[in-house]
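Q: For reference, this is protein22.cif, and it has mmCIF, C-alpha atoms and all ligand atoms.
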data_entry
#
loop_
_atom_site.label_atom_id
_atom_site.label_comp_id
_atom_site.auth_asym_id
_atom_site.auth_seq_id
_atom_site.Cartn_x
_atom_site.Cartn_y
_atom_site.Cartn_z
CA MET A 15 0.00 0.00 0.00
CA ALA A 16 1.63 3.24 -1.14
CA GLU A 17 1.03 6.08 1.27
CA PRO A 18 -0.47 9.22 -0.26
CA SER A 19 2.16 11.81 -1.18
CA GLN A 20 2.20 15.31 0.33
CA ILE A 21 1.05 16.59 -3.06
CA GLU A 22 -1.98 14.29 -3.16
CA LEU A 23 -2.88 15.29 0.39
CA ASP A 24 -2.45 18.94 -0.46
CA VAL A 25 -4.71 18.72 -3.53
CA VAL A 26 -7.48 17.06 -1.52
CA ARG A 27 -7.00 19.51 1.37
CA ARG A 28 -7.54 22.40 -1.02
CA LEU A 29 -10.57 20.74 -2.60
CA ILE A 30 -12.09 20.38 0.86
CA GLY A 31 -11.16 23.91 1.89
CA GLY A 32 -12.88 25.27 -1.23
CA ALA A 33 -15.98 23.08 -1.05
CA HIS A 34 -19.40 24.71 -0.82
CA PHE A 35 -21.11 21.48 0.11
CA LEU A 36 -18.86 18.82 1.62
CA THR A 37 -20.50 15.52 2.53
CA VAL A 38 -18.64 12.83 4.45
CA LEU A 39 -19.84 9.22 4.61
CA THR A 40 -18.13 7.09 7.24
CA GLY A 41 -18.04 3.38 8.01
CA ALA A 42 -16.58 1.04 10.58
CA GLY A 43 -12.97 1.69 9.45
CA VAL A 44 -13.16 5.18 10.96
CA SER A 45 -13.72 3.66 14.42
CA ALA A 46 -11.17 0.85 13.93
CA GLU A 47 -8.35 2.93 15.39
CA SER A 48 -10.50 3.42 18.50
CA GLY A 49 -10.43 -0.36 18.93
CA ILE A 50 -13.95 -1.07 17.63
CA PRO A 51 -14.01 -4.14 15.37
CA THR A 52 -15.11 -3.64 11.76
CA PHE A 53 -17.54 -6.07 10.10
CA ARG A 54 -15.82 -7.54 7.08
CA GLY A 55 -12.06 -7.07 7.36
CA PRO A 56 -9.52 -9.13 9.30
CA GLY A 57 -10.87 -9.47 12.86
CA GLY A 58 -14.24 -8.24 11.54
CA LEU A 59 -17.43 -9.20 13.38
CA TRP A 60 -18.85 -11.12 10.41
CA ARG A 61 -15.71 -13.31 10.41
CA THR A 62 -16.70 -14.71 13.84
CA PHE A 63 -20.47 -14.17 14.01
CA ARG A 64 -23.21 -14.84 11.46
CA ALA A 65 -25.23 -11.74 10.54
CA GLU A 66 -28.28 -14.00 10.05
CA ASP A 67 -28.09 -15.04 13.75
CA LEU A 68 -27.62 -11.56 15.19
CA ALA A 69 -28.55 -8.72 12.89
CA THR A 70 -31.99 -9.51 11.45
CA PRO A 71 -35.50 -9.13 12.91
CA GLU A 72 -35.97 -12.91 12.46
CA ALA A 73 -32.89 -13.61 14.61
CA PHE A 74 -34.29 -11.31 17.30
CA LEU A 75 -37.65 -13.08 17.32
CA ARG A 76 -35.90 -16.48 17.51
CA ASN A 77 -33.55 -15.57 20.35
CA ALA A 78 -33.77 -12.04 21.76
CA LYS A 79 -31.45 -12.86 24.67
CA LEU A 80 -28.64 -14.04 22.38
CA VAL A 81 -28.98 -10.95 20.18
CA TRP A 82 -28.98 -8.68 23.24
CA GLU A 83 -25.92 -10.45 24.70
CA TRP A 84 -24.04 -9.64 21.51
CA TYR A 85 -25.16 -6.01 21.52
CA ASP A 86 -24.42 -5.69 25.25
CA TRP A 87 -20.86 -6.97 24.62
CA ARG A 88 -20.40 -4.44 21.80
CA ARG A 89 -21.84 -1.61 23.93
CA GLY A 90 -19.26 -2.52 26.58
CA LEU A 91 -16.41 -2.31 24.05
CA ILE A 92 -17.64 1.03 22.73
CA ALA A 93 -18.16 2.49 26.21
CA LYS A 94 -14.47 1.90 26.93
CA ALA A 95 -13.30 3.35 23.60
CA GLU A 96 -12.41 6.94 22.82
CA PRO A 97 -12.92 8.90 19.59
CA ASN A 98 -9.73 9.04 17.53
CA PRO A 99 -8.12 11.88 15.51
CA GLY A 100 -10.22 10.88 12.46
CA HIS A 101 -13.48 11.49 14.34
CA ARG A 102 -12.09 14.75 15.69
CA ALA A 103 -10.96 16.01 12.25
CA ILE A 104 -14.49 15.41 10.92
CA ALA A 105 -16.02 17.26 13.89
CA ALA A 106 -13.75 20.24 13.16
CA TRP A 107 -14.98 20.43 9.53
CA GLU A 108 -18.55 20.79 10.76
CA ARG A 109 -17.50 23.83 12.77
CA ILE A 110 -15.69 25.61 9.93
CA LEU A 111 -17.51 24.60 6.73
CA PRO A 112 -21.11 25.87 6.50
CA GLY A 113 -22.27 23.36 3.85
CA PHE A 114 -21.03 20.32 5.74
CA THR A 115 -22.98 17.08 6.26
CA LEU A 116 -21.83 13.96 8.07
CA ILE A 117 -23.53 10.68 7.22
CA THR A 118 -22.41 7.64 9.17
CA GLN A 119 -23.18 3.95 8.97
CA ASN A 120 -21.65 3.59 12.43
CA VAL A 121 -23.90 3.01 15.41
CA ASP A 122 -21.21 3.60 18.07
CA GLY A 123 -21.79 7.31 18.78
CA LEU A 124 -18.07 8.13 18.56
CA HIS A 125 -18.73 10.98 16.12
CA ASP A 126 -21.00 12.61 18.70
CA ARG A 127 -18.41 12.09 21.41
CA ALA A 128 -15.78 13.73 19.18
CA GLY A 129 -17.96 16.85 18.96
CA SER A 130 -19.99 16.33 15.76
CA ARG A 131 -23.41 17.85 16.40
CA ASN A 132 -25.43 16.98 13.36
CA VAL A 133 -24.90 13.33 12.45
CA LEU A 134 -27.12 11.44 10.01
CA LYS A 135 -26.97 7.91 11.46
CA VAL A 136 -28.37 5.84 8.62
CA HIS A 137 -27.98 2.51 10.50
CA GLY A 138 -29.25 3.84 13.83
CA ASP A 139 -27.63 4.12 17.22
CA ILE A 140 -26.51 1.30 19.53
CA TRP A 141 -27.28 3.51 22.58
CA GLU A 142 -30.95 3.73 21.64
CA MET A 143 -33.55 1.04 22.08
CA ARG A 144 -37.19 0.78 21.12
CA CYS A 145 -40.08 -1.44 22.05
CA PHE A 146 -40.75 -4.23 19.56
CA GLU A 147 -44.45 -4.05 20.57
CA CYS A 148 -45.46 -0.41 21.13
CA GLY A 149 -42.52 1.36 19.45
CA VAL A 150 -41.59 3.60 22.41
CA ARG A 151 -37.95 4.74 22.19
CA LYS A 152 -35.36 5.47 24.81
CA VAL A 153 -31.66 6.15 25.15
CA ASP A 154 -29.91 3.91 27.67
CA LEU A 155 -26.19 4.41 28.18
CA ARG A 156 -25.70 1.64 30.73
CA ALA A 157 -23.10 -1.01 29.78
CA PRO A 158 -23.63 -3.73 30.75
CA LEU A 159 -27.42 -3.60 30.95
CA PRO A 160 -28.73 -5.05 34.22
CA VAL A 161 -31.30 -7.42 32.60
CA LEU A 162 -31.21 -9.07 29.18
CA PRO A 163 -33.36 -8.79 27.19
CA PRO A 164 -34.59 -5.40 28.47
CA LYS A 165 -38.38 -4.94 28.74
CA CYS A 166 -40.54 -1.93 27.91
CA ALA A 167 -41.52 0.16 30.95
CA ARG A 168 -44.77 1.14 29.22
CA CYS A 169 -46.17 -2.14 27.88
CA GLY A 170 -43.84 -4.89 29.13
CA GLY A 171 -42.90 -5.84 25.54
CA LEU A 172 -39.38 -6.71 24.39
CA MET A 173 -37.06 -3.77 23.76
CA ARG A 174 -34.80 -4.07 20.70
CA PRO A 175 -31.55 -2.30 19.81
CA GLY A 176 -32.17 0.95 17.90
CA VAL A 177 -30.11 -0.15 14.90
CA VAL A 178 -31.04 -1.08 11.33
CA TRP A 179 -30.81 -4.79 10.65
CA PHE A 180 -30.58 -6.53 7.29
CA GLY A 181 -33.90 -6.48 5.47
CA GLU A 182 -35.10 -3.42 7.39
CA SER A 183 -35.77 -0.01 5.93
CA LEU A 184 -33.71 2.98 6.97
CA SER A 185 -35.43 5.87 8.76
CA GLU A 186 -37.22 7.78 5.99
CA ASP A 187 -36.36 11.20 7.37
CA VAL A 188 -32.67 10.44 7.91
CA TRP A 189 -32.41 8.80 4.51
CA MET A 190 -34.08 11.72 2.73
CA ARG A 191 -31.58 14.13 4.28
CA ALA A 192 -28.66 11.85 3.40
CA GLU A 193 -29.78 11.66 -0.25
CA GLN A 194 -30.28 15.43 -0.37
CA ALA A 195 -26.77 16.03 0.96
CA ALA A 196 -25.25 13.53 -1.49
CA ARG A 197 -27.02 15.22 -4.43
CA ALA A 198 -26.01 18.72 -3.33
CA SER A 199 -22.36 18.01 -2.55
CA ASP A 200 -19.49 19.25 -4.66
CA ILE A 201 -17.05 17.09 -2.69
CA PHE A 202 -18.13 13.71 -1.31
CA LEU A 203 -15.59 12.05 0.96
CA VAL A 204 -16.11 8.38 1.77
CA ALA A 205 -14.00 6.95 4.59
CA GLY A 206 -13.53 3.54 6.16
CA THR A 207 -16.36 1.66 4.51
CA SER A 208 -16.22 -1.46 2.34
CA ALA A 209 -19.26 0.04 0.53
CA GLN A 210 -20.88 -3.40 0.32
CA VAL A 211 -24.09 -2.55 2.15
CA TYR A 212 -26.98 -0.85 0.36
CA PRO A 213 -28.63 1.58 0.20
CA ALA A 214 -25.83 3.47 2.09
CA ALA A 215 -23.14 2.58 -0.45
CA GLY A 216 -25.39 3.90 -3.24
CA LEU A 217 -24.97 7.45 -1.88
CA VAL A 218 -21.51 7.55 -3.44
CA SER A 219 -22.73 6.92 -6.98
CA LEU A 220 -25.67 9.25 -6.36
CA ALA A 221 -23.21 12.04 -5.49
CA LYS A 222 -20.96 11.16 -8.43
CA HIS A 223 -23.84 11.30 -10.93
CA ALA A 224 -24.92 14.62 -9.45
CA GLY A 225 -21.45 16.01 -10.23
CA ALA A 226 -19.50 15.63 -6.97
CA VAL A 227 -15.79 14.90 -6.83
CA ILE A 228 -15.42 11.64 -4.90
CA VAL A 229 -12.55 11.23 -2.45
CA GLU A 230 -11.94 7.88 -0.78
CA VAL A 231 -9.95 7.29 2.41
CA ASN A 232 -9.51 3.60 3.12
CA LEU A 233 -6.78 1.09 3.93
CA GLU A 234 -7.92 -1.07 1.04
CA GLU A 235 -9.89 -1.09 -2.17
CA SER A 236 -13.65 -0.89 -1.59
CA GLY A 237 -16.83 -1.18 -3.63
CA VAL A 238 -16.54 2.50 -4.61
CA SER A 239 -12.79 2.82 -5.32
CA SER A 240 -13.43 2.48 -9.04
CA ILE A 241 -15.59 5.63 -9.12
CA ALA A 242 -13.39 7.69 -6.77
CA ASP A 243 -11.59 10.67 -8.30
CA ALA A 244 -8.95 10.67 -5.57
CA VAL A 245 -7.98 7.68 -3.45
CA LEU A 246 -5.98 8.12 -0.26
CA ARG A 247 -4.80 4.74 1.00
CA GLY A 248 -4.05 4.64 4.72
CA PRO A 249 -5.54 4.80 8.20
CA ALA A 250 -8.39 7.30 8.51
CA GLY A 251 -7.08 8.43 11.91
CA GLU A 252 -3.85 9.55 10.25
CA ILE A 253 -5.12 10.80 6.90
CA LEU A 254 -8.23 12.78 7.88
CA PRO A 255 -6.38 15.16 10.25
CA GLN A 256 -3.97 15.95 7.42
CA LEU A 257 -6.89 17.13 5.27
CA ALA A 258 -7.84 19.93 7.66
CA PRO A 259 -8.16 23.11 5.61
CA THR A 260 -5.26 25.49 6.23
CA ASN A 261 -5.37 29.22 5.65
CA LYS A 262 -2.00 29.16 3.92
CA ARG A 263 -1.81 30.94 0.57
CA PRO A 264 -1.08 28.56 -2.34
CA ASP A 265 2.55 29.80 -2.62
CA GLU A 266 3.11 29.17 1.10
CA ALA A 267 1.48 25.77 0.86
CA ALA A 268 3.71 24.89 -2.12
CA ARG A 269 6.84 25.94 -0.15
CA SER A 270 5.83 23.73 2.76
CA ILE A 271 5.57 20.62 0.57
CA ARG A 272 8.94 21.09 -1.16
CA PRO A 273 11.57 18.70 0.19
C1 LIG A 301 -10.07 1.36 7.39
C2 LIG A 301 -9.43 1.24 8.59
C3 LIG A 301 -8.73 2.36 8.99
C4 LIG A 301 -10.34 -0.61 8.31
N1 LIG A 301 -8.74 3.45 8.21
N2 LIG A 301 -10.13 2.35 6.59
C5 LIG A 301 -28.20 -6.67 -3.23
C6 LIG A 301 -28.03 -5.38 -3.72
C7 LIG A 301 -28.40 -4.31 -2.95
C8 LIG A 301 -28.91 -4.49 -1.69
C9 LIG A 301 -29.07 -5.75 -1.21
C10 LIG A 301 -28.73 -6.81 -1.97
N3 LIG A 301 -29.01 -7.93 -1.25
C11 LIG A 301 -29.48 -7.57 -0.04
C12 LIG A 301 -29.55 -6.25 -0.01
C13 LIG A 301 -29.99 -5.47 1.10
C14 LIG A 301 -28.99 -5.37 2.23
C15 LIG A 301 -27.55 -5.35 1.73
O1 LIG A 301 -27.00 -4.33 1.40
N4 LIG A 301 -26.90 -6.48 1.66
C16 LIG A 301 -25.55 -6.57 1.11
C17 LIG A 301 -24.56 -7.01 2.22
C18 LIG A 301 -25.57 -7.48 -0.07
N5 LIG A 301 -29.33 -4.13 2.85
C19 LIG A 301 -30.27 -4.01 3.75
O2 LIG A 301 -30.92 -4.98 4.14
C20 LIG A 301 -30.56 -2.62 4.25
N6 LIG A 301 -31.95 -2.35 4.15
C21 LIG A 301 -32.60 -2.29 2.99
O3 LIG A 301 -32.03 -2.53 1.93
O4 LIG A 301 -33.92 -1.95 3.11
C22 LIG A 301 -34.76 -2.09 1.97
C23 LIG A 301 -35.35 -3.46 2.07
C24 LIG A 301 -36.38 -3.69 2.93
C25 LIG A 301 -36.93 -4.95 3.00
C26 LIG A 301 -36.43 -5.98 2.23
C27 LIG A 301 -35.34 -5.75 1.38
C28 LIG A 301 -34.80 -4.48 1.30
C29 LIG A 301 -30.19 -2.49 5.71
C30 LIG A 301 -28.74 -2.68 5.94
C31 LIG A 301 -28.44 -2.64 7.42
C32 LIG A 301 -26.98 -2.94 7.71
N7 LIG A 301 -26.82 -3.13 9.09
C33 LIG A 301 -25.47 -3.32 9.64
C34 LIG A 301 -25.63 -3.67 11.12
C35 LIG A 301 -26.05 -2.40 11.88
C36 LIG A 301 -26.26 -2.65 13.31
C37 LIG A 301 -25.03 -3.10 14.03
O5 LIG A 301 -23.98 -2.44 14.00
O6 LIG A 301 -25.15 -4.16 14.63
O7 LIG A 301 -24.70 -2.13 9.48
S1 LIG A 301 -24.51 -4.54 8.78
C38 LIG A 301 -22.97 -3.69 8.94
O8 LIG A 301 -22.48 -3.30 7.64
C39 LIG A 301 -23.30 -2.39 9.68
C40 LIG A 301 -22.46 -1.40 8.94
O9 LIG A 301 -22.94 -0.09 9.13
C41 LIG A 301 -22.56 -1.87 7.52
C42 LIG A 301 -21.46 -1.37 6.62
O10 LIG A 301 -20.21 -1.83 7.04
P1 LIG A 301 -18.92 -0.92 6.87
O11 LIG A 301 -19.04 0.26 7.74
O12 LIG A 301 -18.66 -0.68 5.45
O13 LIG A 301 -17.80 -1.87 7.53
P2 LIG A 301 -16.92 -3.01 6.83
O14 LIG A 301 -16.37 -3.85 7.93
O15 LIG A 301 -17.66 -3.71 5.77
O16 LIG A 301 -15.74 -2.23 6.12
C43 LIG A 301 -14.73 -1.57 6.86
C44 LIG A 301 -13.85 -0.82 5.88
O17 LIG A 301 -12.95 -0.02 6.60
C45 LIG A 301 -13.00 -1.73 4.98
O18 LIG A 301 -13.08 -1.26 3.64
C46 LIG A 301 -11.57 -1.56 5.50
O19 LIG A 301 -10.58 -1.62 4.48
C47 LIG A 301 -11.64 -0.17 6.07
N8 LIG A 301 -10.76 0.08 7.18
N9 LIG A 301 -9.67 -0.06 9.09
C48 LIG A 301 -9.42 3.41 7.02
N10 LIG A 301 -8.04 2.33 10.13
ZN ZN A 302 -43.75 -1.09 24.74
#
Could you spell out this file's structure in structure tokens?
A:
Amino acid sequence: MAEPSQIELDVVRRLIGGAHFLTVLTGAGVSAESGIPTFRGPGGLWRTFRAEDLATPEAFLRNAKLVWEWYDWRRGLIAKAEPNPGHRAIAAWERILPGFTLITQNVDGLHDRAGSRNVLKVHGDIWEMRCFECGVRKVDLRAPLPVLPPKCARCGGLMRPGVVWFGESLSEDVWMRAEQAARASDIFLVAGTSAQVYPAAGLVSLAKHAGAVIVEVNLEESGVSSIADAVLRGPAGEILPQLAPTNKRPDEAARSIRP
């Protein structure tokens, strides 16, 4: 894996600094350097666990306790983790770029903890739960939970994790805003996702067809590398902070990248 050169980083930094509408789509790779396992890579959750047993409504109806044990274990891992420099770089963009949107497939809440305020969580939030019977929602930050599976205080029904499982639709409101941002963006940066899961991965081609420049940050090739205009291979926690817009004039920036 060739590391991106200073010149490549500088070109992307300037693109980002000049963007009117920058949209960032993140996946599990952005939290990997915080110690949260990804899904599909080496050490990925789907290498040890079967998605069909743990991340579908059918699996939950078959064995809610087993599903909750898995989510409780993951909540414990996440509770002990800290946001990394990649999360923090993204949070800083939100503060300085007016047309900025963050879309994440991650359910871990590390973007929020890094200071991002407006996060479109297309696959939900592991810290939320909702009643399978009456639909009531609540946020519960306890890890571990005292009783598994948790029950609804209102109707006694089973609570379920507030995440989007395979075969389930994404929240209509969140999805509409994600699509809008993808269509409006002039730069669309996709980081740390294998881009195998739809409809989230489709946001990249949506943005591309609407005219955005696509930038990918990933350790490896993904499902969207072939349509990316710039590919930065490396750890998100190291690359994203280097893309922070500087207020250097172009001649100063050029001097700083000369050997
Ligand atoms: C680094 C790094 C570092 C590592 N720095 N990089 C065929 C075509 C289209 C769609 C489908 C289809 N067949 C089935 C579907 C539908 C299905 C789907 O997409 N399946 C595909 C897998 C084939 N999708 C759905 O079911 C979705 N719903 C839907 O379509 O609704 C409509 C519908 C309704 C009814 C019937 C049918 C359709 C819902 C998808 C929900 C996904 N849920 C999960 C679990 C969430 C809860 C939880 O966390 O438990 O979401 S699955 C899992 O994958 C999780 C993730 O958000 C998602 C994406 O994973 P991500 O983030 O890309 O992680 P990885 O591990 O795959 O990749 C990590 C990447 O990081 C790698 O590239 C590494 O190289 C990189 N990396 N370290 C930079 N340090
Ligand atoms: Zn209920």
Q: Counting only C-alpha atoms and all ligand atoms, what are the residues, protein, DNA or RNA alike, that approach ligand LIG 301 (chain A) to within 8 Å? I want them as a ChimeraX atom specification.
A: /A:40-47,51-55,58-59,65,68-69,85,118-122,137-140,177-184,205-214,231-236,247-251
Q: Can you write out the residues you just picked, keeping C-alpha atoms, as an mmCIF file, in the coordinates of the input?
A:
data_model
loop_
_atom_site.group_PDB
_atom_site.id
_atom_site.type_symbol
_atom_site.label_atom_id
_atom_site.label_comp_id
_atom_site.auth_asym_id
_atom_site.auth_seq_id
_atom_site.Cartn_x
_atom_site.Cartn_y
_atom_site.Cartn_z
ATOM 1 C CA THR A 40 -18.130 7.090 7.240
ATOM 2 C CA GLY A 41 -18.040 3.380 8.010
ATOM 3 C CA ALA A 42 -16.580 1.040 10.580
ATOM 4 C CA GLY A 43 -12.970 1.690 9.450
ATOM 5 C CA VAL A 44 -13.160 5.180 10.960
ATOM 6 C CA SER A 45 -13.720 3.660 14.420
ATOM 7 C CA ALA A 46 -11.170 0.850 13.930
ATOM 8 C CA GLU A 47 -8.350 2.930 15.390
ATOM 9 C CA PRO A 51 -14.010 -4.140 15.370
ATOM 10 C CA THR A 52 -15.110 -3.640 11.760
ATOM 11 C CA PHE A 53 -17.540 -6.070 10.100
ATOM 12 C CA ARG A 54 -15.820 -7.540 7.080
ATOM 13 C CA GLY A 55 -12.060 -7.070 7.360
ATOM 14 C CA GLY A 58 -14.240 -8.240 11.540
ATOM 15 C CA LEU A 59 -17.430 -9.200 13.380
ATOM 16 C CA ALA A 65 -25.230 -11.740 10.540
ATOM 17 C CA LEU A 68 -27.620 -11.560 15.190
ATOM 18 C CA ALA A 69 -28.550 -8.720 12.890
ATOM 19 C CA TYR A 85 -25.160 -6.010 21.520
ATOM 20 C CA THR A 118 -22.410 7.640 9.170
ATOM 21 C CA GLN A 119 -23.180 3.950 8.970
ATOM 22 C CA ASN A 120 -21.650 3.590 12.430
ATOM 23 C CA VAL A 121 -23.900 3.010 15.410
ATOM 24 C CA ASP A 122 -21.210 3.600 18.070
ATOM 25 C CA HIS A 137 -27.980 2.510 10.500
ATOM 26 C CA GLY A 138 -29.250 3.840 13.830
ATOM 27 C CA ASP A 139 -27.630 4.120 17.220
ATOM 28 C CA ILE A 140 -26.510 1.300 19.530
ATOM 29 C CA VAL A 177 -30.110 -0.150 14.900
ATOM 30 C CA VAL A 178 -31.040 -1.080 11.330
ATOM 31 C CA TRP A 179 -30.810 -4.790 10.650
ATOM 32 C CA PHE A 180 -30.580 -6.530 7.290
ATOM 33 C CA GLY A 181 -33.900 -6.480 5.470
ATOM 34 C CA GLU A 182 -35.100 -3.420 7.390
ATOM 35 C CA SER A 183 -35.770 -0.010 5.930
ATOM 36 C CA LEU A 184 -33.710 2.980 6.970
ATOM 37 C CA ALA A 205 -14.000 6.950 4.590
ATOM 38 C CA GLY A 206 -13.530 3.540 6.160
ATOM 39 C CA THR A 207 -16.360 1.660 4.510
ATOM 40 C CA SER A 208 -16.220 -1.460 2.340
ATOM 41 C CA ALA A 209 -19.260 0.040 0.530
ATOM 42 C CA GLN A 210 -20.880 -3.400 0.320
ATOM 43 C CA VAL A 211 -24.090 -2.550 2.150
ATOM 44 C CA TYR A 212 -26.980 -0.850 0.360
ATOM 45 C CA PRO A 213 -28.630 1.580 0.200
ATOM 46 C CA ALA A 214 -25.830 3.470 2.090
ATOM 47 C CA VAL A 231 -9.950 7.290 2.410
ATOM 48 C CA ASN A 232 -9.510 3.600 3.120
ATOM 49 C CA LEU A 233 -6.780 1.090 3.930
ATOM 50 C CA GLU A 234 -7.920 -1.070 1.040
ATOM 51 C CA GLU A 235 -9.890 -1.090 -2.170
ATOM 52 C CA SER A 236 -13.650 -0.890 -1.590
ATOM 53 C CA ARG A 247 -4.800 4.740 1.000
ATOM 54 C CA GLY A 248 -4.050 4.640 4.720
ATOM 55 C CA PRO A 249 -5.540 4.800 8.200
ATOM 56 C CA ALA A 250 -8.390 7.300 8.510
ATOM 57 C CA GLY A 251 -7.080 8.430 11.910
#
Q: Which protein, DNA or RNA residues have an atom within 10 Å of ligand ZN 302 (chain A), counting all atoms listed in the file, as a compact mmCIF listing (two decimals) with C-alpha atoms, in the frame of the given file?
A:
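So the final result, stored in selection_4.txt, reads:
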# COMPACT_ATOMS: atom_id res chain seq x y z
CA ARG A 144 -37.19 0.78 21.12
CA CYS A 145 -40.08 -1.44 22.05
CA PHE A 146 -40.75 -4.23 19.56
CA GLU A 147 -44.45 -4.05 20.57
CA CYS A 148 -45.46 -0.41 21.13
CA GLY A 149 -42.52 1.36 19.45
CA VAL A 150 -41.59 3.60 22.41
CA ARG A 151 -37.95 4.74 22.19
CA LYS A 165 -38.38 -4.94 28.74
CA CYS A 166 -40.54 -1.93 27.91
CA ALA A 167 -41.52 0.16 30.95
CA ARG A 168 -44.77 1.14 29.22
CA CYS A 169 -46.17 -2.14 27.88
CA GLY A 170 -43.84 -4.89 29.13
CA GLY A 171 -42.90 -5.84 25.54
CA LEU A 172 -39.38 -6.71 24.39
CA MET A 173 -37.06 -3.77 23.76
Q: Please, what distance in Å, to one decimal, runs between atom CA of A:Gly176 and atom CA of A:Ala78?
A: 13.6 Å
Q: For a quick check of your reading of the model, name the residues lying within 10 Å of the coordinate (-33.3, 9.7, 7.6), counting all atoms listed in the file, and write them as a ChimeraX atom specification.
A: /A:117,134-138,184-193
Q: In Å to one decimal, how far is atom CA of A:Arg28 from atom CA of A:Ser239?
A: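 That distance, rounded to one decimal, is 20.7 Å.
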Q: To one decimal in Å, tell me the separation between atom CA of A:Ser130 and atom CA of A:Ala258.
A: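 So the two atoms, atom CA of A:Ser130 and atom CA of A:Ala258, lie 15.0 Å apart.
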Q: So, with only C-alpha atoms as the atoms that count, which of A:Asp243, A:Glu230, A:Asp154, A:Glu96 lies closest to A:Ala128?
A: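 Checking each candidate against A:Ala128, we get A:Glu96 as the closest.
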Q: Which residue gives the smallest distance to A:Asp86 among A:Arg197, A:Arg156, A:Arg27, A:His223, with all atoms listed in the file counted?
A: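 Result for the nearest residue to A:Asp86: A:Arg156.
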Q: Of the candidates A:Ala103, A:Val81, A:Ala33, A:Val229, which one gets nearest to A:Leu257 if we count all atoms listed in the file?
A: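 Smallest separation from A:Leu257 among the options: A:Ala103.
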Q: Using all atoms listed in the file, which of the listed residues (A:Leu80, A:Ile50, A:Val238, A:Ala215) sits closest to A:Asn98?
A: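 The answer is A:Ile50, which sits nearest to A:Asn98.
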Q: Can you list, as a PDB file with C-alpha atoms, in the coordinates of the input, every protein, DNA or RNA residue that comes within 8 Å of A:His125 when you count only C-alpha atoms, leaving out same-chain residues fewer than 3 positions away?
A:
ATOM      1  CA  PRO A  97     -12.920   8.900  19.590  1.00  0.00           C
ATOM      2  CA  HIS A 101     -13.480  11.490  14.340  1.00  0.00           C
ATOM      3  CA  ARG A 102     -12.090  14.750  15.690  1.00  0.00           C
ATOM      4  CA  ALA A 105     -16.020  17.260  13.890  1.00  0.00           C
ATOM      5  CA  ALA A 128     -15.780  13.730  19.180  1.00  0.00           C
ATOM      6  CA  GLY A 129     -17.960  16.850  18.960  1.00  0.00           C
ATOM      7  CA  SER A 130     -19.990  16.330  15.760  1.00  0.00           C
ATOM      8  CA  VAL A 133     -24.900  13.330  12.450  1.00  0.00           C
TER       9      VAL A 133
END
Q: Ranking A:Ile253, A:Ala244, A:Ala195, A:Leu203 by minimum distance to A:Pro99 and counting all atoms listed in the file, which one comes first?
A: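 Comparing A:Ile253, A:Ala244, A:Ala195, A:Leu203 against A:Pro99, the winner is A:Ile253.
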Q: From the list A:Ile228, A:Leu217, A:Leu162, A:Met143, which residue is nearest A:Lys79 when using all atoms listed in the file?
A: A:Leu162
